[in-house]
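Chemist: Structure below; questions to follow.
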Amino acid sequence: MSEIVLRVEKLTKRYGSLVAVNNLSMEVREGEVFGFLGPNGAGKTTSISMMCGLLQPDSGRVLVHGAPIAGGSADVRARVGVCPQEVTLWGKLTCIEQLVFIGQMYGVAGRIARERGERLLEELDLIEKRNKQAHTLSGGMKRRLNLAMALVHNPDIVVLDEAEAGLDPQSRVRVREYIQSLARSKTVILTTHNMDEAERIADRVAIIDHGRLLVVDTPEVLKNSIGQGDVVEIVLGEGIERTRCSASLQERLGEQTTVTAANGTLTIHARDAVNLLPAIIEELNRAGLKPAGVHLRESTLEDVFIHLTGRRLRE
Ligand code: ATP
């Protein structure tokens, strides 16, 4: 078993009467990509801000390699690199100047910061922009430069808040590959509300909602926890009383299958869904329901979220 590099113990953060993070405990292991998945406002940014020592918790603590980050030494904080959701750059500095400046702020010698900066610009496809001022970069380039800035002091834990947000599909693939290349030599913690990103990139995923940790495990285990195999989605449209049919479908299809009704859609998890389709259609006919659409697909982390909360990730 890999070493625990970051331990979160009963973290709570309130904003007035709102509990943004509620008694969060978890561990992150050396070399893994750990994904924080949850809808907007779930408490992801607040959680990781406390993990990096940028925000004081109301209670609980974060240990980095066994040492508390809050009030801890600069050495402890320097082990964590953060790429925030909001791009933070000095518009008048060139790309390489930003990197050297940030490196020096963390105590890295100028020559080493420059060498690392050049390498990071190369790896993130920004080398042609090395001497351009940051304000002249496109939005996607600024985000990639921000990522380089989180890495220039060579932290062993990298925290990325919505790393893929605002990127075009090509840059998204590039950043995703880059994050995967960082893993193993570094531990990566990332937040996302994109289940596809979490599923593709993360070794383990924590699903968080209303500030609470709902589950944490590998994407495979989480998906299997709601029934292995396929998902049939039956879109019934507005105003139709979905529950009318879900109980009879559940009874007909048996215990190996789960039927849930949410957002105008009946969702059926089953191992061998294709063979169940005739029975499903028959039950819908019996209930007098005419579906607007029937879709068959493999289960995803979104299904896990729906199973746990009765809601979709994006509502
Ligand atoms: P998103 O995916 O939209 O970035 P998130 O999961 O990162 O969301 P947080 O930014 O951690 O969510 O916010 C959690 C809750 O705390 C939200 O309801 C938010 O409005 C609230 N919140 C966050 N920061 C503050 C603040 N400085 N003052 C008051 N409320 C805040």
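Within each chain, counting starts at residue 1; across the structure tokens, chains are named A, B, ... in the order shown, with ligands numbered 1 upward in that order.
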List all protein, DNA and RNA residues that have an atom no more than 9 Å from any atom of ligand 1, counting only C-alpha atoms and all ligand atoms, and report them as a PyMOL selection string.

Modeler: chain A and resi 13-16+18-21+36-49+85+161-162+191-193+208-211

Chemist: Neighbouring residues of Ser225 in chain A were defined as those with any atom within 12 Å, considering only C-alpha atoms; residues of the same chain fewer than 5 positions away were excluded. Please report them as a PyMOL selection string.

Modeler: chain A and resi 215-220+258+269+299-301+303-305+307-308

Chemist: Only all heavy atoms, please: the residues just picked out, written as a CSV table (one decimal), in the first residue's frame.

Modeler:
```csv
chain,number,residue,atom,x,y,z
A,215,VAL,N,-19.1,9.3,-1.0
A,215,VAL,CA,-18.4,8.0,-1.2
A,215,VAL,C,-17.0,8.3,-1.7
A,215,VAL,O,-16.7,9.4,-2.3
A,215,VAL,CB,-19.0,7.1,-2.3
A,215,VAL,CG1,-20.2,6.4,-1.7
A,215,VAL,CG2,-19.4,7.9,-3.5
A,216,VAL,N,-16.0,7.4,-1.5
A,216,VAL,CA,-14.7,7.5,-2.1
A,216,VAL,C,-14.2,6.1,-2.5
A,216,VAL,O,-14.2,5.2,-1.7
A,216,VAL,CB,-13.7,8.3,-1.2
A,216,VAL,CG1,-13.6,7.8,0.2
A,216,VAL,CG2,-12.3,8.4,-1.8
A,217,ASP,N,-13.8,6.0,-3.8
A,217,ASP,CA,-13.3,4.7,-4.2
A,217,ASP,C,-12.8,4.8,-5.7
A,217,ASP,O,-12.9,5.9,-6.2
A,217,ASP,CB,-14.4,3.6,-4.1
A,217,ASP,CG,-13.7,2.3,-3.6
A,217,ASP,OD1,-12.7,1.9,-4.2
A,217,ASP,OD2,-14.3,1.6,-2.7
A,218,THR,N,-12.4,3.7,-6.3
A,218,THR,CA,-12.1,3.8,-7.7
A,218,THR,C,-13.3,3.9,-8.5
A,218,THR,O,-14.4,3.5,-8.1
A,218,THR,CB,-11.3,2.5,-8.1
A,218,THR,OG1,-12.3,1.4,-8.0
A,218,THR,CG2,-10.1,2.2,-7.3
A,219,PRO,N,-13.2,4.5,-9.7
A,219,PRO,CA,-14.4,4.6,-10.6
A,219,PRO,C,-15.1,3.3,-10.8
A,219,PRO,O,-16.3,3.2,-10.8
A,219,PRO,CB,-13.9,5.2,-11.9
A,219,PRO,CG,-12.7,6.0,-11.5
A,219,PRO,CD,-12.1,5.2,-10.3
A,220,GLU,N,-14.3,2.2,-11.0
A,220,GLU,CA,-14.9,0.9,-11.2
A,220,GLU,C,-15.7,0.4,-10.1
A,220,GLU,O,-16.8,0.0,-10.2
A,220,GLU,CB,-13.7,-0.1,-11.5
A,220,GLU,CG,-13.3,-0.3,-12.9
A,220,GLU,CD,-14.4,-0.1,-13.9
A,220,GLU,OE1,-15.3,-1.0,-14.0
A,220,GLU,OE2,-14.3,0.9,-14.7
A,258,THR,N,-32.0,-2.4,-10.8
A,258,THR,CA,-32.6,-1.3,-10.0
A,258,THR,C,-33.3,-0.3,-11.0
A,258,THR,O,-32.7,0.1,-12.0
A,258,THR,CB,-31.5,-0.5,-9.2
A,258,THR,OG1,-30.5,0.0,-10.1
A,258,THR,CG2,-30.9,-1.4,-8.1
A,269,HIS,N,-30.8,0.0,-14.2
A,269,HIS,CA,-29.5,-0.6,-14.2
A,269,HIS,C,-29.6,-2.1,-14.2
A,269,HIS,O,-30.3,-2.7,-13.4
A,269,HIS,CB,-28.7,-0.2,-12.9
A,269,HIS,CG,-28.4,1.3,-12.8
A,269,HIS,ND1,-27.2,1.8,-13.3
A,269,HIS,CD2,-29.1,2.3,-12.4
A,269,HIS,CE1,-27.2,3.1,-13.1
A,269,HIS,NE2,-28.3,3.4,-12.6
A,299,SER,N,-22.8,2.1,-17.6
A,299,SER,CA,-23.0,3.0,-16.5
A,299,SER,C,-21.8,4.0,-16.3
A,299,SER,O,-20.7,3.6,-16.7
A,299,SER,CB,-23.3,2.2,-15.2
A,299,SER,OG,-22.2,1.5,-14.9
A,300,THR,N,-22.0,5.1,-15.7
A,300,THR,CA,-21.0,6.2,-15.5
A,300,THR,C,-21.1,6.6,-14.0
A,300,THR,O,-22.0,6.3,-13.3
A,300,THR,CB,-21.3,7.4,-16.4
A,300,THR,OG1,-22.5,8.0,-15.9
A,300,THR,CG2,-21.4,7.0,-17.8
A,301,LEU,N,-20.1,7.5,-13.7
A,301,LEU,CA,-20.1,8.1,-12.4
A,301,LEU,C,-21.3,9.0,-12.1
A,301,LEU,O,-21.8,9.2,-11.0
A,301,LEU,CB,-18.8,8.9,-12.1
A,301,LEU,CG,-17.6,8.0,-11.9
A,301,LEU,CD1,-16.3,8.9,-11.8
A,301,LEU,CD2,-17.7,7.1,-10.7
A,303,ASP,N,-24.3,8.2,-13.0
A,303,ASP,CA,-25.3,7.3,-12.4
A,303,ASP,C,-25.1,7.1,-10.9
A,303,ASP,O,-26.0,6.9,-10.2
A,303,ASP,CB,-25.2,5.9,-13.2
A,303,ASP,CG,-25.5,6.1,-14.6
A,303,ASP,OD1,-26.5,6.7,-15.0
A,303,ASP,OD2,-24.7,5.7,-15.5
A,304,VAL,N,-23.8,7.0,-10.5
A,304,VAL,CA,-23.5,6.8,-9.1
A,304,VAL,C,-24.1,8.0,-8.4
A,304,VAL,O,-24.7,7.9,-7.3
A,304,VAL,CB,-22.0,6.7,-8.9
A,304,VAL,CG1,-21.7,6.5,-7.4
A,304,VAL,CG2,-21.4,5.5,-9.6
A,305,PHE,N,-23.8,9.2,-8.9
A,305,PHE,CA,-24.3,10.5,-8.2
A,305,PHE,C,-25.8,10.5,-8.2
A,305,PHE,O,-26.4,10.8,-7.1
A,305,PHE,CB,-23.8,11.7,-9.0
A,305,PHE,CG,-24.1,13.0,-8.3
A,305,PHE,CD1,-23.3,13.4,-7.2
A,305,PHE,CD2,-25.1,13.8,-8.7
A,305,PHE,CE1,-23.6,14.5,-6.5
A,305,PHE,CE2,-25.4,14.9,-8.0
A,305,PHE,CZ,-24.7,15.3,-6.9
A,307,HIS,N,-27.8,7.9,-8.2
A,307,HIS,CA,-28.2,6.9,-7.2
A,307,HIS,C,-28.1,7.4,-5.8
A,307,HIS,O,-28.9,7.1,-5.0
A,307,HIS,CB,-27.3,5.7,-7.5
A,307,HIS,CG,-27.6,4.5,-6.5
A,307,HIS,ND1,-28.7,3.7,-6.8
A,307,HIS,CD2,-27.0,4.1,-5.4
A,307,HIS,CE1,-28.7,2.8,-5.8
A,307,HIS,NE2,-27.7,3.0,-5.0
A,308,LEU,N,-27.0,8.2,-5.5
A,308,LEU,CA,-26.8,8.6,-4.2
A,308,LEU,C,-27.7,9.8,-3.8
A,308,LEU,O,-28.0,10.0,-2.6
A,308,LEU,CB,-25.3,9.1,-4.0
A,308,LEU,CG,-24.3,7.9,-4.1
A,308,LEU,CD1,-22.9,8.5,-4.2
A,308,LEU,CD2,-24.4,7.0,-2.8
```

Chemist: For Cys245 in chain A, list every protein, DNA or RNA residue within 10 Å, evaluated using only C-alpha atoms, and leave out those in the same chain fewer than 2 positions away; present the list as a list in words.

Modeler: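 The neighbour list is Glu241, Arg242, Thr243, Ala247, Ser248, Leu249, Gln250, Val259, Ala261, Leu266, Ile280, Glu283, Leu284, Asn285, Arg286, Ala287, Gly288 and Leu289 of chain A.
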
Chemist: For the selection you just gave me, I'd like the residues written to a file as a PDB file, in the first residue's frame, keeping N, CA, C and O atoms.

Modeler:
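Contents of result.pdb, as written:
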```
ATOM      1  N   GLU A 241     -46.366  10.997 -14.721  1.00  0.00           N
ATOM      2  CA  GLU A 241     -46.163  10.458 -13.375  1.00  0.00           C
ATOM      3  C   GLU A 241     -45.288   9.200 -13.479  1.00  0.00           C
ATOM      4  O   GLU A 241     -45.762   8.119 -13.765  1.00  0.00           O
ATOM      5  N   ARG A 242     -43.957   9.444 -13.297  1.00  0.00           N
ATOM      6  CA  ARG A 242     -43.001   8.358 -13.554  1.00  0.00           C
ATOM      7  C   ARG A 242     -43.151   7.185 -12.604  1.00  0.00           C
ATOM      8  O   ARG A 242     -43.047   6.032 -12.981  1.00  0.00           O
ATOM      9  N   THR A 243     -43.412   7.531 -11.332  1.00  0.00           N
ATOM     10  CA  THR A 243     -43.405   6.471 -10.318  1.00  0.00           C
ATOM     11  C   THR A 243     -44.498   5.445 -10.579  1.00  0.00           C
ATOM     12  O   THR A 243     -44.432   4.333 -10.097  1.00  0.00           O
ATOM     13  N   ALA A 247     -42.402   1.080  -9.932  1.00  0.00           N
ATOM     14  CA  ALA A 247     -42.567  -0.014  -8.973  1.00  0.00           C
ATOM     15  C   ALA A 247     -42.888  -1.323  -9.697  1.00  0.00           C
ATOM     16  O   ALA A 247     -42.312  -2.375  -9.390  1.00  0.00           O
ATOM     17  N   SER A 248     -43.797  -1.243 -10.696  1.00  0.00           N
ATOM     18  CA  SER A 248     -44.163  -2.479 -11.409  1.00  0.00           C
ATOM     19  C   SER A 248     -42.990  -2.980 -12.247  1.00  0.00           C
ATOM     20  O   SER A 248     -42.774  -4.190 -12.372  1.00  0.00           O
ATOM     21  N   LEU A 249     -42.197  -2.042 -12.816  1.00  0.00           N
ATOM     22  CA  LEU A 249     -41.006  -2.461 -13.562  1.00  0.00           C
ATOM     23  C   LEU A 249     -40.006  -3.153 -12.647  1.00  0.00           C
ATOM     24  O   LEU A 249     -39.440  -4.196 -12.986  1.00  0.00           O
ATOM     25  N   GLN A 250     -39.808  -2.565 -11.471  1.00  0.00           N
ATOM     26  CA  GLN A 250     -38.868  -3.142 -10.504  1.00  0.00           C
ATOM     27  C   GLN A 250     -39.284  -4.569 -10.144  1.00  0.00           C
ATOM     28  O   GLN A 250     -38.461  -5.493 -10.118  1.00  0.00           O
ATOM     29  N   VAL A 259     -34.421   0.190 -10.535  1.00  0.00           N
ATOM     30  CA  VAL A 259     -35.193   1.145 -11.327  1.00  0.00           C
ATOM     31  C   VAL A 259     -35.353   2.410 -10.489  1.00  0.00           C
ATOM     32  O   VAL A 259     -35.798   2.351  -9.346  1.00  0.00           O
ATOM     33  N   ALA A 261     -36.555   6.757 -10.677  1.00  0.00           N
ATOM     34  CA  ALA A 261     -37.247   7.778 -11.469  1.00  0.00           C
ATOM     35  C   ALA A 261     -36.770   9.145 -11.014  1.00  0.00           C
ATOM     36  O   ALA A 261     -36.831   9.457  -9.826  1.00  0.00           O
ATOM     37  N   LEU A 266     -36.897   7.507 -16.453  1.00  0.00           N
ATOM     38  CA  LEU A 266     -36.770   6.256 -15.690  1.00  0.00           C
ATOM     39  C   LEU A 266     -35.399   5.673 -16.007  1.00  0.00           C
ATOM     40  O   LEU A 266     -35.040   5.544 -17.178  1.00  0.00           O
ATOM     41  N   ILE A 280     -39.397  -4.483 -20.616  1.00  0.00           N
ATOM     42  CA  ILE A 280     -39.519  -3.067 -20.222  1.00  0.00           C
ATOM     43  C   ILE A 280     -40.602  -2.378 -21.062  1.00  0.00           C
ATOM     44  O   ILE A 280     -41.488  -1.694 -20.540  1.00  0.00           O
ATOM     45  N   GLU A 283     -44.084  -3.409 -20.040  1.00  0.00           N
ATOM     46  CA  GLU A 283     -44.551  -2.750 -18.808  1.00  0.00           C
ATOM     47  C   GLU A 283     -44.953  -1.307 -19.071  1.00  0.00           C
ATOM     48  O   GLU A 283     -45.923  -0.807 -18.493  1.00  0.00           O
ATOM     49  N   LEU A 284     -44.188  -0.609 -19.941  1.00  0.00           N
ATOM     50  CA  LEU A 284     -44.530   0.778 -20.268  1.00  0.00           C
ATOM     51  C   LEU A 284     -45.891   0.830 -20.962  1.00  0.00           C
ATOM     52  O   LEU A 284     -46.729   1.677 -20.649  1.00  0.00           O
ATOM     53  N   ASN A 285     -46.110  -0.112 -21.888  1.00  0.00           N
ATOM     54  CA  ASN A 285     -47.398  -0.167 -22.600  1.00  0.00           C
ATOM     55  C   ASN A 285     -48.529  -0.416 -21.617  1.00  0.00           C
ATOM     56  O   ASN A 285     -49.577   0.215 -21.667  1.00  0.00           O
ATOM     57  N   ARG A 286     -48.263  -1.367 -20.696  1.00  0.00           N
ATOM     58  CA  ARG A 286     -49.292  -1.714 -19.716  1.00  0.00           C
ATOM     59  C   ARG A 286     -49.677  -0.474 -18.885  1.00  0.00           C
ATOM     60  O   ARG A 286     -50.830  -0.276 -18.533  1.00  0.00           O
ATOM     61  N   ALA A 287     -48.649   0.376 -18.587  1.00  0.00           N
ATOM     62  CA  ALA A 287     -48.913   1.582 -17.782  1.00  0.00           C
ATOM     63  C   ALA A 287     -49.428   2.734 -18.648  1.00  0.00           C
ATOM     64  O   ALA A 287     -49.705   3.819 -18.136  1.00  0.00           O
ATOM     65  N   GLY A 288     -49.531   2.498 -19.959  1.00  0.00           N
ATOM     66  CA  GLY A 288     -50.031   3.542 -20.866  1.00  0.00           C
ATOM     67  C   GLY A 288     -49.033   4.668 -21.080  1.00  0.00           C
ATOM     68  O   GLY A 288     -49.415   5.799 -21.383  1.00  0.00           O
ATOM     69  N   LEU A 289     -47.727   4.386 -20.922  1.00  0.00           N
ATOM     70  CA  LEU A 289     -46.701   5.425 -21.081  1.00  0.00           C
ATOM     71  C   LEU A 289     -46.031   5.309 -22.444  1.00  0.00           C
ATOM     72  O   LEU A 289     -45.617   4.218 -22.838  1.00  0.00           O
TER      73      LEU A 289
END
```

Chemist: Within range 14-236 of chain A, find each residue whose DSSP state, derived from the backbone, is helix (DSSP H, G or I), and express the selection as number ranges by chain.

Modeler: A: 44-51, 74-78, 95-105, 110-123, 127-129, 134-136, 139-151, 169-182, 195-201, 219-224

Chemist: In Å, how far is it from CA of Pro278 in chain A to CA of Ile306 in chain A?

Modeler: 25.0 Å
